[in-house]
Amino acid sequence: MKRIVLIALSVAFTLNIAVAKEGMWLPMLLKSLNEGDMQSMGLNLSAEDIYSVNQSSLKDAIISFGGFCTGEIISDQGLILTNHHCGYGQIQSHSSVENDYLTNGYWAMNHSQELTNPGLTATFIIRMEDVTSEILDSIPSGLSEKERQAAIASRIKSKVAENTKDTHYDAYIRPFFYGNEYYMFVTETFKDIRLVGAPPSAIGKFGGDTDNWMWPRHTGDFSLFRIYANKDNMPAEYSEDNVPFKPRHFLPISMDGVKKGDFTMVYGFPGRTQEYLTSYAIKQIKEVINPAQIEVRDQALQIMDKHMKASDKVRIQYASKYASIANYWKKWIGENRGLEKANAIQLKEEREAAFTKATAGMEEYATVLSKLEKRYEAIEEYALARSFFVEIPYRKMEMMGLANRFSSIVKKTEEGEEVSEETLNKLKEQVKAHFKNFDLSTELAVSQALLMEYKAQLDSKYVPESMKGSKSEALLNDYKGYVKKSNFLTQENTLELLDNWGKGAAKKVTKDPVYQLMNQFWDVYFNKVRPNYSAYSNEIDSLSKIYVRGLRNHVPGTYYPDANSTLRLAYGQIDNYNPKDGVKYDFFTTGKGILEKYNPDNVDFDLPKDLVTLIENKDFGKYADEDGTLHVCFTASNHTTGGNSGSPVINGNGELIGLNFDRNWEGTMSDINYDIEQCRNISVDIRYVLFVVDKFANAGHLVEEMKLVSTNTQTIEE
């Protein structure tokens, strides 16, 4: 930790500037690295108020929501606020044609109506610790990389065990700066999380895929959940005896709104960034990988959209799947646009030139860039094959995914091992969950189109035998006929296999056309793709570790660790932006814009009639801005990425002002190249959230749980 501080401080002094607003910072290091800069921008708290092990702090109101999003506690009764798209899967799971909560929304009017969500978790960070020396010191220099990694893994396992023994806590240790440093995170996970409220999708997804990754936005992207604990306020599995959790801290809610230039911070669990990639990597992503992935998802989305529009049942079944596929499809398009606009490849080349100059004569760094260039050239074909495998048979062909679930029990049975009743029952539940959101005609259409794309784009050595030569006719031209005898077409047939499991059923599975094709794909991946991809990827990581170490030690700049799903804080300011010549966007939107976009003939821009009436009548209550309008969303310069969905946007007083849910399209490239001029995070104004809860949904009892504050009436209380 001392070395990080010294490097950061020396860089700041060298350049005679404050630390830049770019970055996703470790909360435990704010005191040393960021506190002064943040306070100069408008923070009225100390670093200890944001992150503390010994007292209540903002970190105690931040949760990892399900491990894929962020949420925050907004009442002393464990009420969670997160995005609508983060809670979408849970909302969908409770929906049916008869009770369509996706379309109509859901609001629990008391605790007894709050809906359980098996498998959903809320995880707090108890503390974090720099364990670099304990993980890396005294590892023998003569070890191979494989032996070295094994030694590191062993030390990590021991350290985690040491810090969780005789506690109900969990812990994990992650590498930072490509393994130059390691940090440990001790966590507390709650498992009884209940759905409290969700607006109709016409509010929570307003703008749909049309507006996704775009600005201006008018989306009420929020949902409400609640943590339940046992009577001792400790984590517990679901029980009717559980009670609402009493948090160590919850976020007060500011009713003052935001102004241009206001200080903001985003606290959450950003998933993955790669800010230190070389120009060789950026070029490969921009010119090879992204275009291939975009094309695959474009085909899948077109087919799914056609089937969803033809059937309400399919629309509900595939709503979450479609949204998931569309999300990164559009992100990759925007990422490429942003990289082009920012001249990202040229910027990386300039940094590489600075690295070469600064490390001239140092043997450790002499050949690292040339080796990285060669490794990226070598990995390209395997990276492309891996992308097609992940995008098509692994993620988009659902029957194949279901068949793959049978692999382990088939293997056990063939080896003469008995499959337990518990294992079979668990698999039966997975089968039922699969078919709840499965439509055969949609699956067949998507699969056939994508199999043809797979074969057309890849070298024949990466194509399964069934898709080669004359064998491919039935498969590629008539996928429906090819799989017509499969046991995985219906829930009835699949469950029948499990109800009569034994050697006969296992043999039937091994002869199943879907299972056989699945095995062929996995054989290709395991034997021809993964070994080579992993070998080159490991070499790239090892070389990147040296490159990043050289940058931090010898090239002036601002260095922060890449996101890796650990708790981080980003800070910036409320700001507008100019995406291109002659186009200037304000930093906020209002209810007027909702009505301007309203179009009942377009599913992306339809609205509930009650919301239209409220806005037309300007019936905003106490949630109007001082200018009399209803503010809906705003933009700021906080550095965010996937995983930050649902993160709180907090003002300088530690009060909640908004809920982060997206980035602007040009700024999606911030995962690999942050540009403060064009990167903006997009948030829903917390007052619009409360307006929907109170005035639209008539769920004012939820607002009464919260602590609403104004600079004119009340200050923050611990």
# chains A, B, ... in the order shown; residues from 1 in each chain; ligands from 1
$ residues_around --residues "segment 386-389 of chain A" --least-positions-apart "5" --cutoff "9 Å" --atoms "only C-alpha atoms" --output "list in words"
Ile289, Ala292, Gln293, Val296, Glu381, Tyr394, Arg395, Tyr454, Gln457, Leu458, Phe521, Trp522, Tyr525, Val529, Arg530 and Tyr533 of chain A
$ residues_around --residues "segment 317-320 of chain A" --least-positions-apart "3" --cutoff "7 Å" --atoms "only C-alpha atoms" --output "number ranges by chain"
A: 88-89, 313-314, 323-324, 437-438
$ closest_residue --among "A:Glu237, A:Glu443, A:Asp166, A:Asp586" --to "Ala300 of chain A" --atoms "only C-alpha atoms"
A:Glu443
$ residues_around --residues "Ile73 of chain A" --least-positions-apart "4" --cutoff "7 Å" --atoms "only C-alpha atoms" --output "PDB file with N, CA, C and O atoms, in the first residue's frame"
ATOM      1  N   ALA A  61     -23.833   0.877   3.654  1.00  0.00           N
ATOM      2  CA  ALA A  61     -25.123   0.973   2.976  1.00  0.00           C
ATOM      3  C   ALA A  61     -25.059   0.438   1.556  1.00  0.00           C
ATOM      4  O   ALA A  61     -26.048   0.473   0.828  1.00  0.00           O
ATOM      5  N   ILE A  62     -23.887  -0.075   1.145  1.00  0.00           N
ATOM      6  CA  ILE A  62     -23.677  -0.525  -0.232  1.00  0.00           C
ATOM      7  C   ILE A  62     -23.626  -2.045  -0.276  1.00  0.00           C
ATOM      8  O   ILE A  62     -22.896  -2.672   0.497  1.00  0.00           O
ATOM      9  N   GLY A  78     -33.939  -2.067   6.161  1.00  0.00           N
ATOM     10  CA  GLY A  78     -33.286  -2.912   5.164  1.00  0.00           C
ATOM     11  C   GLY A  78     -33.821  -2.789   3.761  1.00  0.00           C
ATOM     12  O   GLY A  78     -33.638  -3.698   2.937  1.00  0.00           O
ATOM     13  N   LEU A  79     -34.465  -1.664   3.426  1.00  0.00           N
ATOM     14  CA  LEU A  79     -35.012  -1.466   2.087  1.00  0.00           C
ATOM     15  C   LEU A  79     -33.876  -1.234   1.091  1.00  0.00           C
ATOM     16  O   LEU A  79     -33.009  -0.386   1.306  1.00  0.00           O
ATOM     17  N   ILE A  80     -33.873  -1.999   0.005  1.00  0.00           N
ATOM     18  CA  ILE A  80     -32.833  -1.916  -1.037  1.00  0.00           C
ATOM     19  C   ILE A  80     -33.390  -1.183  -2.246  1.00  0.00           C
ATOM     20  O   ILE A  80     -34.491  -1.470  -2.723  1.00  0.00           O
ATOM     21  N   LEU A  81     -32.588  -0.263  -2.769  1.00  0.00           N
ATOM     22  CA  LEU A  81     -32.874   0.358  -4.057  1.00  0.00           C
ATOM     23  C   LEU A  81     -31.837  -0.140  -5.058  1.00  0.00           C
ATOM     24  O   LEU A  81     -30.633  -0.116  -4.781  1.00  0.00           O
ATOM     25  N   PHE A 250     -27.720   3.590   6.496  1.00  0.00           N
ATOM     26  CA  PHE A 250     -28.541   3.691   5.295  1.00  0.00           C
ATOM     27  C   PHE A 250     -28.403   5.109   4.752  1.00  0.00           C
ATOM     28  O   PHE A 250     -28.026   6.038   5.476  1.00  0.00           O
ATOM     29  N   LEU A 251     -28.674   5.269   3.470  1.00  0.00           N
ATOM     30  CA  LEU A 251     -28.446   6.554   2.817  1.00  0.00           C
ATOM     31  C   LEU A 251     -29.652   7.481   2.975  1.00  0.00           C
ATOM     32  O   LEU A 251     -30.768   7.129   2.570  1.00  0.00           O
TER      33      LEU A 251
END
$ closest_residue --among "A:Arg549, A:His307, A:His84, A:Lys331" --to "Leu102 of chain A" --atoms "only C-alpha atoms"
A:His84
$ atom_distance --atom1 "atom CA of Asn425 of chain A" --atom2 "atom CA of Ile392 of chain A"
28.5 Å
$ residues_around --residues "Met399 of chain A" --least-positions-apart "4" --cutoff "10 Å" --atoms "only C-alpha atoms" --output "list in words"
Pro393, Ala403, Asn404, His434, Phe435, Phe438, Leu440, Glu443, Leu444, Ser447, Val483, Ser486, Asn487, Phe488, Leu489, Thr490, Val514, Tyr515 and Met518 of chain A
$ residues_around --residues "Tyr101 of chain A" --least-positions-apart "6" --cutoff "12 Å" --atoms "only C-alpha atoms" --output "number ranges by chain"
A: 84, 87-95, 107-108, 115, 195-202, 204, 223, 316
$ write_last_selection --atoms "C-alpha atoms" --output "PDB file, in the first residue's frame"
ATOM      1  CA  HIS A  84     -35.225  -2.247 -12.646  1.00  0.00           C
ATOM      2  CA  GLY A  87     -34.247  -6.921 -10.547  1.00  0.00           C
ATOM      3  CA  TYR A  88     -35.708  -7.860 -13.923  1.00  0.00           C
ATOM      4  CA  GLY A  89     -35.075 -11.584 -13.588  1.00  0.00           C
ATOM      5  CA  GLN A  90     -36.801 -11.688 -10.207  1.00  0.00           C
ATOM      6  CA  ILE A  91     -39.735  -9.604 -11.454  1.00  0.00           C
ATOM      7  CA  GLN A  92     -40.054 -11.927 -14.428  1.00  0.00           C
ATOM      8  CA  SER A  93     -39.915 -15.033 -12.224  1.00  0.00           C
ATOM      9  CA  HIS A  94     -43.018 -13.838 -10.376  1.00  0.00           C
ATOM     10  CA  SER A  95     -44.822 -12.912 -13.615  1.00  0.00           C
ATOM     11  CA  TRP A 107     -46.056  -3.019  -5.174  1.00  0.00           C
ATOM     12  CA  ALA A 108     -46.197  -4.733  -1.801  1.00  0.00           C
ATOM     13  CA  LEU A 115     -42.119 -11.793  -2.561  1.00  0.00           C
ATOM     14  CA  LEU A 195     -39.216  -8.074  -3.897  1.00  0.00           C
ATOM     15  CA  VAL A 196     -40.971  -4.977  -2.558  1.00  0.00           C
ATOM     16  CA  GLY A 197     -41.777  -2.883  -5.583  1.00  0.00           C
ATOM     17  CA  ALA A 198     -41.200  -2.473  -9.304  1.00  0.00           C
ATOM     18  CA  PRO A 199     -42.701   0.017 -11.733  1.00  0.00           C
ATOM     19  CA  PRO A 200     -44.285  -1.164 -14.974  1.00  0.00           C
ATOM     20  CA  SER A 201     -41.705  -1.874 -17.662  1.00  0.00           C
ATOM     21  CA  ALA A 202     -43.125   1.114 -19.542  1.00  0.00           C
ATOM     22  CA  GLY A 204     -38.611   0.961 -15.716  1.00  0.00           C
ATOM     23  CA  SER A 223     -36.827  -1.519  -8.293  1.00  0.00           C
ATOM     24  CA  ILE A 316     -42.781 -12.685 -21.333  1.00  0.00           C
TER      25      ILE A 316
END
